[in-house]
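Structure first, then comments.
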Amino acid sequence: MERPPMWKRAVCTKDCPDTCGLLVNVEDGVVIGVKGDPDHPYTNGFICRKAKSFPAHVHGDARITTPLKRTGPKGSGQFAPVSWDEALSEVADRMQSVAAENGPEAILPYSYAGHMGIIHRNAGHAFFNKLGASALDYTICGPAATAGFQASLGKGPSTEIQQAAQSDFIVIWGSNTLTTNVHAWPHFKQARKNGATLVVIDPYRNRTAKAADMHVMLRPGTDAALALAMMHVLIHEDMVDVDFIAARTVGFEELKDKVAEYPPSRAADICGIEEDLIIELARGYGKANAPYIRTGWGPARQLRGGMAMRTIALLPALVNAFAKPGGGITRSLGGAPSNLDCLKRPDLRPAGTRVVNMVELGNALTSLDNPRIHLLYVYQSNPVAVAPQSKKVLEGLARDDLFTVVQELYLTDTARYADIILPGASFLEMADIYRCYGHNYIQIAEPAIPPVGECRSTLSVFQDLAARLGFNDEVFSMTEADLIERILDDNRDSPFMRGIDLPALKAGRAVRLNIPANPYAHGFNTPSGKVEFYSQAMADQGLPPLPDGEIWRDPEGGDAYPLECITPPHHLLLNSAFNEVDAIRESVGVAAVMIHPRTAEARGIADGAQVRVFNDRGSCVLQAHVTEDTREELLVAEGLHWPGLLPGGGANQLTSQRITDMGNTCAFHCNRVEVEPLKQSQDN
Ligand SMILES: Nc1nc2c(c(=O)[nH]1)N[C@H]1C(S)=C(S)[C@@H](COP(=O)(O)OP(=O)(O)OC[C@H]3O[C@@H](n4cnc5c(=O)[nH]c(N)nc54)[C@H](O)[C@@H]3O)O[C@H]1N2
Ligand SMILES: Nc1nc2c(c(=O)[nH]1)N[C@H]1C(S)=C(S)[C@@H](COP(=O)(O)OP(=O)(O)OC[C@H]3O[C@@H](n4cnc5c(=O)[nH]c(N)nc54)[C@H](O)[C@@H]3O)O[C@H]1N2
Ligand SMILES: [Mo]
């Protein structure tokens, strides 16, 4: 007799703003299907192709299901299965011997957002704090964007995306929405149905730009100049809201002087676009009833990314977009519950513990001293693929005097360098509570299936290690349920958590946080309580208090590298994840680099040819996609492919560990390069 399908609620764990509600079809402990949860109030039953491939992700033949110990040279991928006891005894022994010989700061944890659930994502913090290991600064993604935006509009959530459905002028500024934030699209579509104009500001014609009414294809790193020129038009053509500016902003007179330096003609030169386009954009924005901006992270992945984001974030204040339903600006949403101290236990960290910026992993493993890093523990991250300047990262990982532990689901390029691999449970095998950064809902998920093979959750692995090291603080014996309860309790006084429907949350349904759809109607969370055209806080940090359009290009290599290169997300990959799914990899096909026809012609590069993209930091071999979808001086390498699948490594061969002006983030999209046809003799 056929059994009815058993659908269980789950939450997508991937590092994407949308954090979808899922329904998982389970038969005999095996996930046989995944679909969108139609009851999720934001994601509404729609999921992307990647999420549909979760059955293959969870049950793929290549899934690591037992602990493994290295048997061949580092990087060779040769391992033999060992028991959990043997693996964890060795890890614990190594931790103790490294700490005894070199001090605990010779141990470095490296983790990021492979799993987005609050509990497991943060499950190692208390352990490494107690150990006194070097602490990691989690900078690889958003801090430049956050810092820039906050300097202008203050901390906290921004305009809820659903608001945009009422906008008549939508600007998508450096986000590939149709690829990286697809659930925003129905709201933009709704607005367009009512006549709204949709503008995309992006250096290449990505999927979203192709669907827009207007595409401003600016040079990377020039957003602040563009925003200042828009302000120039708004001010000179009397499109600003003088009452709002007088009452709710600081520094308008100083801003006006700065803006005078950026007439559209000058910005047109800086940005490499037509002056008329800037004027048209500014007038569209200024005359709209409810202008709305969706900022992505792209503009902030530049050396002056903080300044770019800060300047963009000032635009809505000039026209008081906040007062109009549908108007406003979105960067990040959600973010509550935010007090996770009971889980992370910052109190356990010894005072003055060394902090390592995760962007600088390559340097940390090759040149950091006093003490040198002798034990690296990687979990929920794949630094060989995602961290900048891969050559340095690989050089570090190859060190004989470095002991590397990698907790993973798959034999990634990073796992290949491990001395011990610990098999991680997937999100469908563990309970967690999810907050997100693209909508204002939180949700609890229970395990849909038991752990595959001998896989274990991140929390349980750290608790086992804690027991082996004799750590007996309460956190090291709390279950997921205990921790969820404690976190909810600790955050009871947060206004965002007020009125949370606990029974609904415990039943697994998405629950709306008490975050206003238009938080700016209630004021600005800046030091002055106003929008800060002039920021004293920035001046105090030695940063320019006023916006300006100065550009910092990649300083390495100079004129030898006349082209620029950006490395934005691929539609079918999620950072480096989903390379493990055969069907996805086949659809992704070869790794390509977009090259403008004139640039290709000048170098004798034909469409489809193998090319070498290079700079002083490294090189990679990609297939030329000759197209007018990019600018003449700009190469675009969408990713991230697993570097080991490519003949010459991944796009992070080209990127730099140099950090941004604010937030200490990586300028992933700020690289000078050259490209040439691949010569037969070159094997990279
Ligand atoms: N399919 C898919 N979805 C994803 C991801 C993925 O890898 N794949 N990654 C997830 C993660 S971790 C994040 S943080 C988000 C990121 O989501 P996004 O913000 O969409 O991604 P970014 O890499 O920041 O790039 C966004 C856009 O910025 C453009 N850009 C680059 N430089 C500049 C510039 O100087 N100015 C302007 N105006 N634009 C610029 C790029 O061309 C790109 O189209 O997406 C998440 N969603
Ligand atoms: N060139 C370039 N580089 C980039 C970017 C770019 O745009 N261009 N984007 C950057 C951005 S925005 C980000 S956020 C970072 C992302 O950096 P990461 O967070 O490191 O990215 P992922 O590729 O998602 O790697 C996560 C790994 O965690 C593993 N994993 C997933 N779930 C679990 C689990 O439950 N347990 C364990 N142990 N492992 C798990 C996955 O198998 C995967 O290999 O990359 C950055 N790197
Ligand atoms: Mo990210």
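Letters A, B, ... go to the chains of the structure tokens in the order shown; residues in each chain start at 1; ligands are counted from 1 in the same order.
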- [ ] Pick out the residues sitting within 9 Å of segment 323-338 of chain A, and hand them over as a ChimeraX atom specification; count only C-alpha atoms, and ignore anything fewer than 5 positions along from it in its own chain.
- [x] /A:17,145-146,149,156-170,191,289-297,313,316-317,435-442,487-488,490-492,494,496-497,513,515,518,520-521
- [ ] Select the residues contacting ligand 3 at a distance of at most 8 Å, based on only C-alpha atoms and all ligand atoms, then format the selection as a ChimeraX atom specification.
- [x] /A:15-16,140-142,297,575
- [ ] Just the residues within 9 Å of segment 30-43 of chain A, please, counting only C-alpha atoms, with nothing from its chain fewer than 6 positions along; format it as number ranges by chain.
- [x] A: 7, 9-10, 18-24, 51-56, 58-59, 162, 183, 428, 439-441, 448-450, 452, 509-512
Selection file, C-alpha atoms, as a compact mmCIF listing (two decimals), in the first residue's frame:
# COMPACT_ATOMS: atom_id res chain seq x y z
CA TRP A 7 6.12 16.58 4.64
CA ARG A 9 8.63 21.90 7.97
CA ALA A 10 12.24 23.05 7.62
CA ASP A 18 15.59 35.02 1.93
CA THR A 19 15.83 32.17 4.51
CA CYS A 20 13.00 30.22 2.88
CA GLY A 21 10.36 28.16 4.57
CA LEU A 22 10.68 24.62 3.24
CA LEU A 23 8.61 21.46 3.26
CA VAL A 24 10.69 18.31 3.23
CA ALA A 51 17.08 24.47 -2.59
CA LYS A 52 15.21 21.94 -4.70
CA SER A 53 18.48 20.02 -4.91
CA PHE A 54 18.72 19.50 -1.14
CA PRO A 55 17.89 15.76 -1.38
CA ALA A 56 21.05 15.34 -3.48
CA VAL A 58 22.06 15.68 1.90
CA HIS A 59 22.30 12.16 0.46
CA GLN A 162 7.34 44.41 0.99
CA HIS A 183 11.83 36.84 -3.03
CA LEU A 428 18.00 18.76 7.98
CA HIS A 439 12.89 39.63 6.01
CA ASN A 440 11.53 40.09 9.51
CA TYR A 441 10.54 36.53 10.46
CA ALA A 448 13.66 16.19 9.51
CA ILE A 449 15.84 13.07 9.41
CA PRO A 450 18.34 11.39 11.72
CA VAL A 452 23.36 10.55 7.91
CA ARG A 509 5.87 28.25 11.88
CA ALA A 510 7.58 31.46 10.81
CA VAL A 511 6.82 34.22 13.30
CA ARG A 512 6.91 37.95 12.56
TODO: Please give me, as a PyMOL selection string, the residues lying within 8 Å of ligand 2 when counting only C-alpha atoms and all ligand atoms.
DONE: chain A and resi 13-15+111-115+120-121+140-142+297-298+378-383+385-388+406-410+412+422-427+457-458+566-569+574-577+638-640+651-652+655+668-669
Take the residues that were just selected and, keeping C-alpha atoms, output them as a JSON list (two decimals), in the first residue's frame.
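again00.json, written as the output of this step:
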[["chain", "number", "residue", "atom", "x", "y", "z"],
["A", 13, "THR", "CA", 20.11, 27.10, 5.98],
["A", 14, "LYS", "CA", 21.99, 28.83, 3.21],
["A", 15, "ASP", "CA", 23.56, 32.25, 3.49],
["A", 111, "SER", "CA", 34.05, 29.60, 10.53],
["A", 112, "TYR", "CA", 31.37, 31.43, 8.68],
["A", 113, "ALA", "CA", 27.89, 30.90, 7.33],
["A", 114, "GLY", "CA", 27.76, 27.41, 5.83],
["A", 115, "HIS", "CA", 24.89, 26.92, 8.24],
["A", 120, "HIS", "CA", 25.02, 25.74, 15.26],
["A", 121, "ARG", "CA", 26.47, 28.74, 13.47],
["A", 140, "ILE", "CA", 34.18, 38.43, 5.11],
["A", 141, "CYS", "CA", 30.77, 39.68, 4.05],
["A", 142, "GLY", "CA", 28.85, 42.62, 5.45],
["A", 297, "TRP", "CA", 26.49, 44.29, -0.87],
["A", 298, "GLY", "CA", 28.29, 44.88, -4.17],
["A", 378, "VAL", "CA", 37.60, 25.16, 10.13],
["A", 379, "TYR", "CA", 33.86, 24.63, 10.29],
["A", 380, "GLN", "CA", 30.92, 25.91, 8.25],
["A", 381, "SER", "CA", 33.29, 27.60, 5.87],
["A", 382, "ASN", "CA", 35.40, 26.77, 2.86],
["A", 383, "PRO", "CA", 38.27, 29.27, 2.93],
["A", 385, "ALA", "CA", 37.28, 28.77, -2.17],
["A", 386, "VAL", "CA", 35.93, 31.86, -0.41],
["A", 387, "ALA", "CA", 38.85, 33.71, 1.19],
["A", 388, "PRO", "CA", 40.88, 36.21, -0.82],
["A", 406, "VAL", "CA", 37.93, 20.61, 9.06],
["A", 407, "GLN", "CA", 34.34, 19.86, 9.92],
["A", 408, "GLU", "CA", 32.52, 19.40, 6.63],
["A", 409, "LEU", "CA", 29.84, 17.57, 4.71],
["A", 410, "TYR", "CA", 31.96, 17.26, 1.57],
["A", 412, "THR", "CA", 36.00, 20.56, -0.31],
["A", 422, "LEU", "CA", 34.91, 15.58, 11.12],
["A", 423, "PRO", "CA", 31.66, 14.73, 9.29],
["A", 424, "GLY", "CA", 29.12, 17.49, 9.90],
["A", 425, "ALA", "CA", 25.39, 16.90, 10.07],
["A", 426, "SER", "CA", 23.38, 18.86, 7.52],
["A", 427, "PHE", "CA", 20.71, 21.35, 8.56],
["A", 457, "SER", "CA", 25.91, 18.42, 14.66],
["A", 458, "THR", "CA", 28.33, 21.27, 15.26],
["A", 566, "ILE", "CA", 34.62, 41.64, -10.19],
["A", 567, "THR", "CA", 33.64, 38.23, -8.80],
["A", 568, "PRO", "CA", 29.89, 38.36, -8.03],
["A", 569, "PRO", "CA", 27.62, 35.42, -7.11],
["A", 574, "LEU", "CA", 25.66, 29.82, -3.13],
["A", 575, "ASN", "CA", 29.13, 31.11, -2.36],
["A", 576, "SER", "CA", 31.01, 27.82, -2.79],
["A", 577, "ALA", "CA", 28.07, 25.57, -1.90],
["A", 638, "GLU", "CA", 30.74, 34.81, -11.49],
["A", 639, "GLY", "CA", 31.32, 32.21, -8.79],
["A", 640, "LEU", "CA", 32.29, 30.58, -6.62],
["A", 651, "ALA", "CA", 38.62, 33.58, -8.82],
["A", 652, "ASN", "CA", 40.04, 34.23, -5.36],
["A", 655, "THR", "CA", 41.53, 38.97, -4.96],
["A", 668, "PHE", "CA", 36.23, 41.20, -3.39],
["A", 669, "HIS", "CA", 35.16, 43.31, -6.38]]
Task: Option closest in space to Gly523 of chain A, from A:Gly499, A:Gly154, A:Pro186, A:Gly644 [counting only C-alpha atoms] - done: A:Gly154
Task: Selected residue of minimal separation from Pro203 of chain A among A:Ile484, A:Ala151, A:Leu678, A:Cys565, counting only C-alpha atoms - done: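 Of A:Ile484, A:Ala151, A:Leu678, A:Cys565, the one nearest Pro203 of chain A, counting only C-alpha atoms, is A:Cys565.
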Task: 8 Å contact set for Met6 of chain A, only C-alpha atoms, chain neighbours under 6 positions out, as a ChimeraX atom specification - done: /A:24-27
Give me a file of those residues, with N, CA, C and O atoms, as a CSV table (one decimal), in the first residue's frame.
chain,number,residue,atom,x,y,z
A,24,VAL,N,9.8,19.4,3.6
A,24,VAL,CA,10.7,18.3,3.2
A,24,VAL,C,9.9,17.0,3.3
A,24,VAL,O,9.3,16.7,4.3
A,25,ASN,N,10.0,16.3,2.2
A,25,ASN,CA,9.3,15.0,2.1
A,25,ASN,C,10.3,13.9,2.5
A,25,ASN,O,11.3,13.7,1.9
A,26,VAL,N,9.9,13.2,3.6
A,26,VAL,CA,10.8,12.2,4.2
A,26,VAL,C,10.2,10.8,4.1
A,26,VAL,O,9.0,10.6,4.4
A,27,GLU,N,11.0,9.9,3.6
A,27,GLU,CA,10.5,8.5,3.6
A,27,GLU,C,11.6,7.6,4.2
A,27,GLU,O,12.8,7.6,3.7
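Running DSSP on the backbone gives strand (DSSP E or B) for these residues within segment 359-528 of chain A: A:Leu375, A:Leu376, A:Tyr377, A:Val378, A:Tyr379, A:Phe403, A:Thr404, A:Val405, A:Val406, A:Gln407, A:Glu408, A:Ile420, A:Ile421, A:Leu422, A:Pro423, A:Gly424, A:Asp432, A:Ile433, A:Tyr434, A:Tyr441, A:Ile442, A:Gln443, A:Ile444, A:Ala445, A:Arg456, A:Val511, A:Arg512, A:Asn525.
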